[in-house]
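A.B. asks: After the structure tokens below, expect a handful of questions from me.
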Amino acid sequence: MRRSATLLWACLAVLAAILFALRIDAAWPGVVMADELDRVILFQTVLPRAAVAILAGAALGLSGLLLQRVLRNALAEPSTLGISAGAQLAMALATLFLPGLMAVSPQIVAFAGGALAVSLCLLLTWRRGLEPVSVVLAGMMVALTATSASAALILANGDYLFSLFIWGGGSLTQQSWQPALSILPVLAIGFVASLLLLRPLTILGLDDQTAKSLGLAVNAGRLAILALAVWLATTVVAEVGVIGFIGLAAPALAGLSGARTLGEKLFAAPLIGAILLWTTDGLVQLFADGGGERIPTGAATALLGGPLLLWLLPRLRMMEWPSLGRTASLGRRARRPLALALTIALGGFVIALLALVIGKGPDGWMVAHGTLLSDLAGWRWPRILVAASAGAMLAGAGVMVQRLTGNPLASPEVLGVGSGAGAGLAGLFAFNAAAGMPLQFVAASAGALGALLLILAVSARAKFGPERLLLGGIAVGAACGAIITAVIALGTMQSYTLLSWLTGSTAQTGGDHAVAALIAAIVLLCPAMLTVRWLDILQLGTPVAASLGVPLGRARLSVVVLAALMTAIASLYVGPLSFVGLIAPHLARLMGLTRSGHQLAGAVALGAGLLVLSDWLARTLIFPYQLPVGLLASLIGGPYLVYLLSRGVPSRA
Amino acid sequence: MTDATQAQDGVQTQGETLFDLKGVSFCVGGSEILAALDLQLTAGRMTGIIGPNGSGKSSLIKLLARQQVPSSGEIAFLGQPLSARSNRDLACRLAYMPQFTPSAEGMTVRELVELGRFPWRGALGRMDKTDAAKVAEAIRRTGLEAFADRLVDSLSGGERQRCWLAMMLAQDAKCLLLDEPTSALDLAHQADMLKLVSDLTREGTLSAVVVLHDINMAARYCDEIIAVKRGRVAARGTPAEIVTTETLAELYDLPMGVMPHPATGQPLGYVL
């Protein structure tokens with residue numbers, strides 16, 4: 001390790017130790033030593049908390065290192081691969097439906113959830129050769145879905161699960177030594193196993209062919225190490241909740257501090273992870289004295305980690321990735337694309353009409369007509385219009401983002417502006433708990449715009465190049481997610497408003513909102529149609545676009561700003577996640593709409609139809625109750641996406 | 001159409017200076033790829049750039065195509081600083097094919113070739129008969145008529161490479177820059193591709209600068225060869241002047257022999 005770096009880490013460790021000493025000092029029992037309560041607090045709360053911070057930090061650092069190595073992906077870590085969120089969802093489900101199992105071993109439940117999430121994420125990107133950016137994109141989607149499903153469970157079950165969400169923010173508050181004692185053996189086993197696996201791990205860092213020709217059973221080795229990493233990460237989730245970014249930052253910082261060989265990193269990464277988490281926790285406790293009592297440490301690490309990731313991005317050397325072979329997928333091409341797009345639009349109108357008249361009443365299904373229709377229509381048309389406008393905008397944004405980045409897994413959700421809107425809402429609630437609808441709208445827009453500006457600032461130097469844009473979006477999204485979690489964890493009435501926004505509900509939409517959404521959709525989609533010639537060329541990559549004279553900066557900037565505005569406005573109505581922006585463009589392609597203009601028109605119509613359909617299902621499926629439409633759309637869209645991707649997605653959108 | 005009249009002054013005649021490099025250097029992360037290069041390229045001919053791996057030949061052509069900006073020095077293109085032209089204005093005169101052409105998924109050959117008209121019409125301008133004629137002409141000259149409505153990705157490597165060349169021709173630029181256009185092709189398609197470019201330049205209005213790996217292929221088709229080594233021009237001249245035992249040995253640090261081609265008499269280099 002370089003000397004200056006070592007010194008820096010030593011200083012941080014000393015800082016953490018000082019913060020810890022302050023804690024001990026505050027909790028030290030009185031001179032009389034008779035104050036039993038103080039003794040208990042010291043030995044059962046203060047000391048174990050430090051132990052857990054150190055152990056969990058080390059476990060996450062090690063887990064991140066293993067994941068990055070085995071997937072050859074500098075961005076892999078428990079939270080970017082969806083492992084943490086998957087574990088959290090599994091535990092929420094188990095608490096509700098299998099409380100017996102939770103009582104026996106939350107670790108097993110968490111492991112199952114985490115393993116499932118990472119398998120899903122790898123399955124989604126298998127055909128793309130586990131290419132790093134795609135893996136992280138898939139992980140992001142898995143994580144978002146799991147989080148919004150957890151939010152829906154909490155909403156449906158109220159207070160019973162609410163503590164789960166606070167815990168989900170990664171609170172290190174301790175009542176006993178048990179969590180520390182649970183993490184310790186796993187960390188020890190993981191560390192020893194990694195040392196034993198040092199040689200296979202080193203070889204796995206090379207490409208598959210080389211690894212195979214060196215006589216390594218690549219897939220078996222990879223699976224074993226993955227399982228080890230997931231076990232480490234989910235143990236931490238089971239004991240203290242989701243703590244993001246440590247797994248990402250520790251190995252990266254170990255590398256930047258001069259740990260060159262894998263052996264060195266194996267010692268440095270857990271050490272740095274431990275120091276990072278211990279310091280962060282010390283700072284959180286310091287601020288907690290000043291009133292921020294319930295800010296979970298996990299939220300704090302994500303808040304610090306987002307900027308850290310943005311700073312790291314240009315410095316991370318992406319591991320060599322073999323350029324993907326041309327998987328020539330010669331999809332259908334519609335013979336008369338314009339006619340097809342029109343047909344789809346017509347279908348969308350029919351769906352909207354049906355959604356207007358068909359519903360479920362106390363006596364089962366019914367088709368409304370006459371006065372009943374005119375009564376019901378007043379309730380139904382706003383949400384249909386909102387769903388259609390939001391779906392159209394998300395789909396339009398999806399086509400633009402996928403074409404811009406040349407990545408079929410990119411979607412408006414990962415631009416981070418949706419989460420930015422949520423962070424704006426969260427910020428508003430933190431200062432003004434009684435804010436009304438207009439103020440909420442302004443705050444959400446401001447948050448979305450702020451997130452957008454941040455992403456643009458980060459990617460401006462690379463002329464808004466696709467990779468920087470996606471990664472910047474992920475980082476901003478994660479940081480905004482942390483803010484949302486932190487405010488939800490305050491546990492006030494506004495937490496429920498935020499939770500219900502997170503799951504995406506159109507139930508309370510009024511007529512004026514619906515008209516506003518429609519106007520926004522029209523105003524933004526018209527200029528979007530003017531960018532199609534750019535989109536056709538941009539998907540061919542930077543060199544070709546530049547040599548054809550496309551003004552790269554201006555073209556990308558216009559496309560991103562349009563897409564982001566559409567995403568932001570749509571997410572105000574249907575929440576940050578729906579998959580419509582991802583799926584509608586794919587559907588349009590599968591139907592044979594291959595040129596940008598046709599695909600955009602077709603996807604917009606499909607997106608509108610899809611979300612109207614989801615909205616209709618949301619209000620009829622479990623009548624008289626309602627499901628949140630965003631969640632429903634993602635539950636329908638998610639499996640379809642898995643199916644689509646397992647069949648192999650074209651390498652470019 | 002102002003673009004069209006602007007382009008008229010760009011039609012160069014044989015012998016005019018195409019590129020004029022003055023003290024051009026290019027550094028990446030502190031290491032110098034190209035060192036203070038002074039170089040003039042002549043219009044109306046096919047110029048080959050050769051050199052060992054890491055010699056800077058690919059960087060050189062990227063600088064010429066303005067895909068990268070020199071760390072210092074000045075490049076003039078047709079008498080004007082390269083940096084002074086707008087993106088589309090440059091694209092009307094200068095066409096560039098990257099070493100790895102991307103997948104043109106879902107596009108037919110004609111649609112890909114039509115993209116070459118973008119510099120002339122921009123994002124919103126109407127495509128008219130001139131454009132259709134240029135596209136048809138480009139497809140004809142590259143012999144792709146039979147494939148015009150096929151998907152680009154369904155074609156073989158050699159045919160795909162010709163599609164990209166057709167796109168450059170539709171661009172109606174007077175100068176073509178090609179970065180190793182033959183690296184993924186078999187021998188027959190390499191010869192086919194280079195003969196096509198060579199024929200186009202022989203017609204007199206086009207100039208081409210081609211980065212090539214194979215010294216004998218370069219010698220067979222290029223009018224002039226520039227040999228680059230460690231970021232400097234090691235030698236330049238006609239194929240006969242470059243393909244000599246001394247120059248090749250110097251260039252590749254490897255004892256090389258030269259013998260006359262049994263049929264054409266051109267010199268052929270081989271490893272001793």
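For the structure tokens, the naming scheme is as follows: chains receive sequential letters (A, B, ...) according to their order of presentation, residues are indexed from 1 within each chain, and ligands are indexed from 1 in presentation order.
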Show me which bits of chain B are within 8 Å of chain A, counting only C-alpha atoms, as a PDB file with N, CA and C atoms, in the first residue's frame.
C.D. replies:
ATOM      1  N   ALA B  65      -9.655  12.432 -38.810  1.00  0.00           N
ATOM      2  CA  ALA B  65     -11.118  12.384 -38.887  1.00  0.00           C
ATOM      3  C   ALA B  65     -11.768  13.277 -37.836  1.00  0.00           C
ATOM      4  N   GLN B  67     -11.938  12.644 -34.850  1.00  0.00           N
ATOM      5  CA  GLN B  67     -12.544  11.833 -33.795  1.00  0.00           C
ATOM      6  C   GLN B  67     -11.815  12.121 -32.494  1.00  0.00           C
ATOM      7  N   SER B  86     -17.720  23.272 -38.897  1.00  0.00           N
ATOM      8  CA  SER B  86     -18.817  22.729 -38.093  1.00  0.00           C
ATOM      9  C   SER B  86     -18.919  21.227 -38.366  1.00  0.00           C
ATOM     10  N   ASN B  87     -19.597  20.521 -37.480  1.00  0.00           N
ATOM     11  CA  ASN B  87     -19.693  19.068 -37.603  1.00  0.00           C
ATOM     12  C   ASN B  87     -20.230  18.639 -38.956  1.00  0.00           C
ATOM     13  N   ARG B  88     -21.361  19.213 -39.345  1.00  0.00           N
ATOM     14  CA  ARG B  88     -21.992  18.769 -40.578  1.00  0.00           C
ATOM     15  C   ARG B  88     -21.202  19.215 -41.795  1.00  0.00           C
ATOM     16  N   ASP B  89     -20.644  20.438 -41.726  1.00  0.00           N
ATOM     17  CA  ASP B  89     -19.834  20.932 -42.823  1.00  0.00           C
ATOM     18  C   ASP B  89     -18.670  19.981 -43.075  1.00  0.00           C
ATOM     19  N   LEU B  90     -18.029  19.547 -41.976  1.00  0.00           N
ATOM     20  CA  LEU B  90     -16.908  18.619 -42.124  1.00  0.00           C
ATOM     21  C   LEU B  90     -17.385  17.293 -42.697  1.00  0.00           C
ATOM     22  N   ALA B  91     -18.529  16.822 -42.191  1.00  0.00           N
ATOM     23  CA  ALA B  91     -19.030  15.518 -42.637  1.00  0.00           C
ATOM     24  C   ALA B  91     -19.406  15.534 -44.112  1.00  0.00           C
ATOM     25  N   LEU B  94     -15.694  14.994 -45.477  1.00  0.00           N
ATOM     26  CA  LEU B  94     -14.792  13.996 -44.912  1.00  0.00           C
ATOM     27  C   LEU B  94     -15.627  12.852 -44.338  1.00  0.00           C
ATOM     28  N   ALA B  95     -15.392  11.634 -44.838  1.00  0.00           N
ATOM     29  CA  ALA B  95     -16.126  10.481 -44.320  1.00  0.00           C
ATOM     30  C   ALA B  95     -15.145   9.538 -43.646  1.00  0.00           C
ATOM     31  N   TYR B  96     -15.566   8.931 -42.529  1.00  0.00           N
ATOM     32  CA  TYR B  96     -14.647   8.110 -41.735  1.00  0.00           C
ATOM     33  C   TYR B  96     -15.301   6.785 -41.392  1.00  0.00           C
ATOM     34  N   MET B  97     -14.551   5.701 -41.563  1.00  0.00           N
ATOM     35  CA  MET B  97     -15.073   4.393 -41.153  1.00  0.00           C
ATOM     36  C   MET B  97     -14.225   3.887 -39.996  1.00  0.00           C
ATOM     37  N   PRO B  98     -14.854   3.700 -38.805  1.00  0.00           N
ATOM     38  CA  PRO B  98     -14.069   3.228 -37.663  1.00  0.00           C
ATOM     39  C   PRO B  98     -13.618   1.783 -37.877  1.00  0.00           C
ATOM     40  N   PRO B 102     -20.280  -0.721 -36.023  1.00  0.00           N
ATOM     41  CA  PRO B 102     -21.297  -1.240 -35.101  1.00  0.00           C
ATOM     42  C   PRO B 102     -22.340  -2.076 -35.839  1.00  0.00           C
ATOM     43  N   SER B 103     -23.116  -2.806 -35.055  1.00  0.00           N
ATOM     44  CA  SER B 103     -24.226  -3.541 -35.630  1.00  0.00           C
ATOM     45  C   SER B 103     -25.317  -2.551 -36.011  1.00  0.00           C
ATOM     46  N   ALA B 104     -25.811  -2.685 -37.227  1.00  0.00           N
ATOM     47  CA  ALA B 104     -26.863  -1.760 -37.682  1.00  0.00           C
ATOM     48  C   ALA B 104     -28.187  -2.484 -37.561  1.00  0.00           C
ATOM     49  N   GLU B 105     -28.548  -2.792 -36.317  1.00  0.00           N
ATOM     50  CA  GLU B 105     -29.657  -3.707 -36.133  1.00  0.00           C
ATOM     51  C   GLU B 105     -30.986  -3.167 -36.641  1.00  0.00           C
ATOM     52  N   GLY B 106     -31.691  -4.020 -37.355  1.00  0.00           N
ATOM     53  CA  GLY B 106     -33.014  -3.654 -37.833  1.00  0.00           C
ATOM     54  C   GLY B 106     -32.996  -2.753 -39.051  1.00  0.00           C
ATOM     55  N   MET B 107     -31.800  -2.422 -39.566  1.00  0.00           N
ATOM     56  CA  MET B 107     -31.750  -1.509 -40.708  1.00  0.00           C
ATOM     57  C   MET B 107     -31.486  -2.281 -41.984  1.00  0.00           C
ATOM     58  N   LEU B 115     -28.421   7.119 -44.255  1.00  0.00           N
ATOM     59  CA  LEU B 115     -27.888   7.905 -43.141  1.00  0.00           C
ATOM     60  C   LEU B 115     -26.752   8.803 -43.616  1.00  0.00           C
ATOM     61  N   GLY B 116     -26.081   8.392 -44.704  1.00  0.00           N
ATOM     62  CA  GLY B 116     -24.997   9.204 -45.252  1.00  0.00           C
ATOM     63  C   GLY B 116     -25.471  10.559 -45.736  1.00  0.00           C
ATOM     64  N   PHE B 118     -27.359  12.473 -43.963  1.00  0.00           N
ATOM     65  CA  PHE B 118     -27.629  13.316 -42.785  1.00  0.00           C
ATOM     66  C   PHE B 118     -26.849  14.630 -42.801  1.00  0.00           C
ATOM     67  N   PRO B 119     -25.527  14.580 -43.092  1.00  0.00           N
ATOM     68  CA  PRO B 119     -24.787  15.843 -43.040  1.00  0.00           C
ATOM     69  C   PRO B 119     -25.374  16.900 -43.972  1.00  0.00           C
ATOM     70  N   GLY B 122     -29.423  17.350 -42.270  1.00  0.00           N
ATOM     71  CA  GLY B 122     -29.638  17.593 -40.854  1.00  0.00           C
ATOM     72  C   GLY B 122     -30.800  16.785 -40.292  1.00  0.00           C
ATOM     73  N   ALA B 123     -31.200  17.158 -39.075  1.00  0.00           N
ATOM     74  CA  ALA B 123     -32.205  16.356 -38.371  1.00  0.00           C
ATOM     75  C   ALA B 123     -33.598  16.540 -38.955  1.00  0.00           C
ATOM     76  N   LEU B 124     -33.858  17.664 -39.585  1.00  0.00           N
ATOM     77  CA  LEU B 124     -35.232  17.954 -39.987  1.00  0.00           C
ATOM     78  C   LEU B 124     -35.403  18.208 -41.486  1.00  0.00           C
ATOM     79  N   LEU B 151     -31.579  -6.911 -44.684  1.00  0.00           N
ATOM     80  CA  LEU B 151     -31.077  -6.351 -43.432  1.00  0.00           C
ATOM     81  C   LEU B 151     -29.556  -6.401 -43.440  1.00  0.00           C
ATOM     82  N   ASP B 153     -27.486  -6.721 -41.061  1.00  0.00           N
ATOM     83  CA  ASP B 153     -26.910  -7.752 -40.197  1.00  0.00           C
ATOM     84  C   ASP B 153     -27.060  -9.158 -40.750  1.00  0.00           C
ATOM     85  N   SER B 154     -27.840  -9.294 -41.830  1.00  0.00           N
ATOM     86  CA  SER B 154     -27.979 -10.640 -42.397  1.00  0.00           C
ATOM     87  C   SER B 154     -26.904 -10.886 -43.440  1.00  0.00           C
ATOM     88  N   GLN B 171     -22.478   9.975 -48.531  1.00  0.00           N
ATOM     89  CA  GLN B 171     -22.127  11.198 -47.808  1.00  0.00           C
ATOM     90  C   GLN B 171     -21.551  12.229 -48.784  1.00  0.00           C
TER      91      GLN B 171
END
A.B. asks: Counting only C-alpha atoms, which residues of range 94-199 of chain A fall within 7 Å of range 630-640 of chain A, and what is the closest atom pair for each with its distance in Å at one decimal, ordered by chain and rising number, as CSV?
C.D. replies:
residue,atom,partner,partner_atom,distance
A:Thr145,CA,A:Ser634,CA,7.0
A:Ser148,CA,A:Leu631,CA,6.7
A:Ala149,CA,A:Leu631,CA,6.9
A.B. asks: Would you please work out which residue, of B:Glu145, B:Asp20, B:Glu137, B:Asp199, is nearest to Leu169 in chain B when using only C-alpha atoms?
C.D. replies: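 Nearest candidate to Leu169 in chain B out of B:Glu145, B:Asp20, B:Glu137, B:Asp199: B:Glu137.
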A.B. asks: Give me the residues within 10 Å of Ala191 in chain B as a list in words, counting only C-alpha atoms and dropping any in the same chain fewer than 6 places off.
C.D. replies: Thr182, Leu185, Met217, Arg220 and Tyr221 of chain B
A.B. asks: I need the residues from that last selection saved to file as a PDB file, in the first residue's frame (with N, CA and C atoms), if you can.
C.D. replies:
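Output saved as out-v9.pdb:
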ATOM      1  N   THR B 182     -10.028  -3.826 -43.491  1.00  0.00           N
ATOM      2  CA  THR B 182      -9.966  -5.231 -43.913  1.00  0.00           C
ATOM      3  C   THR B 182      -9.672  -6.166 -42.762  1.00  0.00           C
ATOM      4  N   LEU B 185     -11.762  -9.348 -42.475  1.00  0.00           N
ATOM      5  CA  LEU B 185     -12.168 -10.000 -43.724  1.00  0.00           C
ATOM      6  C   LEU B 185     -11.177 -11.086 -44.144  1.00  0.00           C
ATOM      7  N   MET B 217      -0.568  -5.923 -49.013  1.00  0.00           N
ATOM      8  CA  MET B 217      -1.860  -5.410 -49.469  1.00  0.00           C
ATOM      9  C   MET B 217      -1.761  -3.908 -49.726  1.00  0.00           C
ATOM     10  N   ARG B 220       0.098  -3.285 -52.860  1.00  0.00           N
ATOM     11  CA  ARG B 220      -0.631  -3.679 -54.062  1.00  0.00           C
ATOM     12  C   ARG B 220      -1.616  -2.593 -54.506  1.00  0.00           C
ATOM     13  N   TYR B 221      -2.274  -1.898 -53.535  1.00  0.00           N
ATOM     14  CA  TYR B 221      -3.388  -1.030 -53.919  1.00  0.00           C
ATOM     15  C   TYR B 221      -3.134   0.460 -53.718  1.00  0.00           C
TER      16      TYR B 221
END
A.B. asks: Report as a CSV table (one decimal) with C-alpha atoms, in the first residue's frame all protein, DNA and RNA residues lying within 9 Å of Leu271 in chain A, evaluated on only C-alpha atoms, omitting residues in the same chain fewer than 3 positions from it.
C.D. replies:
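Result file follows (part-v6.csv):
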chain,number,residue,atom,x,y,z
A,54,ILE,CA,-16.8,-3.2,12.2
A,57,GLY,CA,-18.3,-3.3,7.2
A,58,ALA,CA,-15.6,-6.0,6.8
A,61,GLY,CA,-16.1,-5.1,1.8
A,62,LEU,CA,-15.2,-8.8,1.4
A,250,ALA,CA,-14.1,-0.7,-0.1
A,254,ALA,CA,-8.4,-0.6,-1.7
A,266,LEU,CA,-8.3,-9.5,0.3
A,267,PHE,CA,-6.8,-7.9,3.4
A,268,ALA,CA,-7.3,-4.3,2.5
A,274,ALA,CA,-14.8,-1.8,8.5
A,275,ILE,CA,-13.2,1.6,8.9
A,276,LEU,CA,-15.7,3.2,6.5
A.B. asks: When distances are computed from only C-alpha atoms, which of B:Ala146, B:Ala184, B:Val233, B:Leu112 shows the smallest separation from Met167 in chain B?
C.D. replies: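 Looking at the shortest contact to Met167 in chain B, the residue is B:Leu112.
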A.B. asks: With distances taken over only C-alpha atoms, which of B:Ala188, B:Leu196, B:Met127, B:Glu74 is nearest to Gly143 in chain B?
C.D. replies: B:Leu196
A.B. asks: Between CA of Leu155 in chain A and CA of Gln175 in chain A, what is the distance, to one decimal in Å?
C.D. replies: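 Taking CA of Leu155 in chain A as the start and CA of Gln175 in chain A as the end point, the length is 27.1 Å.
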A.B. asks: Per DSSP on the backbone, what are the alpha helix (DSSP H) residues of range 117-222 of chain B, as a ChimeraX atom specification?
C.D. replies: /B:118-121,129-141,157-170,187-202,215-221
A.B. asks: If you run DSSP over the backbone, which residues in range 342-524 of chain A end up strand (DSSP E or B)? Put them as an MDAnalysis selection string.
C.D. replies: chainID A and resid 358:361 364:367
A.B. asks: With only C-alpha atoms as the atoms that count, which of B:Arg141, B:Arg110, B:Arg126, B:Arg160 lies nearest to Leu200 in chain B?
C.D. replies: B:Arg141
A.B. asks: Neighbouring residues of range 563-567 of chain A were defined as those with any atom within 7 Å, considering only C-alpha atoms; residues of the same chain fewer than 4 positions away were excluded. Please report them as a list in words.
C.D. replies: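 Counting only C-alpha atoms, the residues come to Met393, Leu394, Ala397, Met400, Val401, Pro412, Val417, Gly418, Leu452, Leu524, Val559 and Ser571 of chain A.
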A.B. asks: What does the file look like for those residues with C-alpha atoms, as a compact mmCIF listing (two decimals), in the first residue's frame?
C.D. replies:
# COMPACT_ATOMS: atom_id res chain seq x y z
CA MET A 393 -44.36 9.49 -21.81
CA LEU A 394 -42.51 6.59 -20.15
CA ALA A 397 -38.55 8.19 -22.84
CA MET A 400 -35.04 7.60 -26.51
CA VAL A 401 -32.87 6.33 -23.67
CA PRO A 412 -36.04 5.84 -17.93
CA VAL A 417 -34.93 11.43 -12.18
CA GLY A 418 -37.89 9.42 -10.88
CA LEU A 452 -31.32 15.59 -13.79
CA LEU A 524 -43.01 16.75 -24.76
CA VAL A 559 -32.67 13.73 -26.04
CA SER A 571 -43.29 9.33 -12.12
A.B. asks: Determine, counting only C-alpha atoms, which protein, DNA and RNA residues have an atom within 7 Å of an atom of Lys22 in chain B; residues of the same chain fewer than 6 positions away are not included. Present the result as a PDB file with N, CA and C atoms, in the first residue's frame.
C.D. replies:
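For reference, selection-v3.pdb as written:
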ATOM      1  N   LEU B  37       4.375  15.728 -35.241  1.00  0.00           N
ATOM      2  CA  LEU B  37       4.353  15.233 -36.611  1.00  0.00           C
ATOM      3  C   LEU B  37       4.196  16.396 -37.590  1.00  0.00           C
ATOM      4  N   ASP B  38       5.060  16.438 -38.610  1.00  0.00           N
ATOM      5  CA  ASP B  38       4.860  17.354 -39.731  1.00  0.00           C
ATOM      6  C   ASP B  38       4.609  16.491 -40.962  1.00  0.00           C
ATOM      7  N   LEU B  39       3.490  16.700 -41.628  1.00  0.00           N
ATOM      8  CA  LEU B  39       3.130  15.760 -42.684  1.00  0.00           C
ATOM      9  C   LEU B  39       2.153  16.432 -43.640  1.00  0.00           C
ATOM     10  N   GLY B  73      -0.301  21.326 -31.755  1.00  0.00           N
ATOM     11  CA  GLY B  73      -0.125  21.369 -33.201  1.00  0.00           C
ATOM     12  C   GLY B  73      -1.429  21.665 -33.913  1.00  0.00           C
ATOM     13  N   GLU B  74      -1.317  21.743 -35.219  1.00  0.00           N
ATOM     14  CA  GLU B  74      -2.446  22.218 -36.027  1.00  0.00           C
ATOM     15  C   GLU B  74      -2.621  21.297 -37.223  1.00  0.00           C
ATOM     16  N   ILE B  75      -3.881  20.931 -37.519  1.00  0.00           N
ATOM     17  CA  ILE B  75      -4.163  20.146 -38.721  1.00  0.00           C
ATOM     18  C   ILE B  75      -5.006  21.015 -39.644  1.00  0.00           C
TER      19      ILE B  75
END
A.B. asks: Write out as an MDAnalysis selection string the residues lying within 10 Å of Asn53 in chain B, counting only C-alpha atoms and excluding same-chain residues fewer than 5 positions away.
C.D. replies: chainID B and resid 58 213 228:230 252
A.B. asks: Let me make sure I understand: among A:Gly364, A:Gly424, A:Gly273, A:Gly255, which one has the smallest atom-to-atom distance to Leu312 in chain A if we use only C-alpha atoms?
C.D. replies: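 Result for the nearest residue to Leu312 in chain A: A:Gly255.
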A.B. asks: What is the distance between CA of Ala478 in chain A and CA of Ser411 in chain A, in Å to one decimal?
C.D. replies: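 Here the two named atoms are 15.3 Å from each other.
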A.B. asks: What's the separation between CA of Glu264 in chain A and CA of Leu47 in chain A, in Å to one decimal place?
C.D. replies: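 So the two atoms, CA of Glu264 in chain A and CA of Leu47 in chain A, lie 29.3 Å apart.
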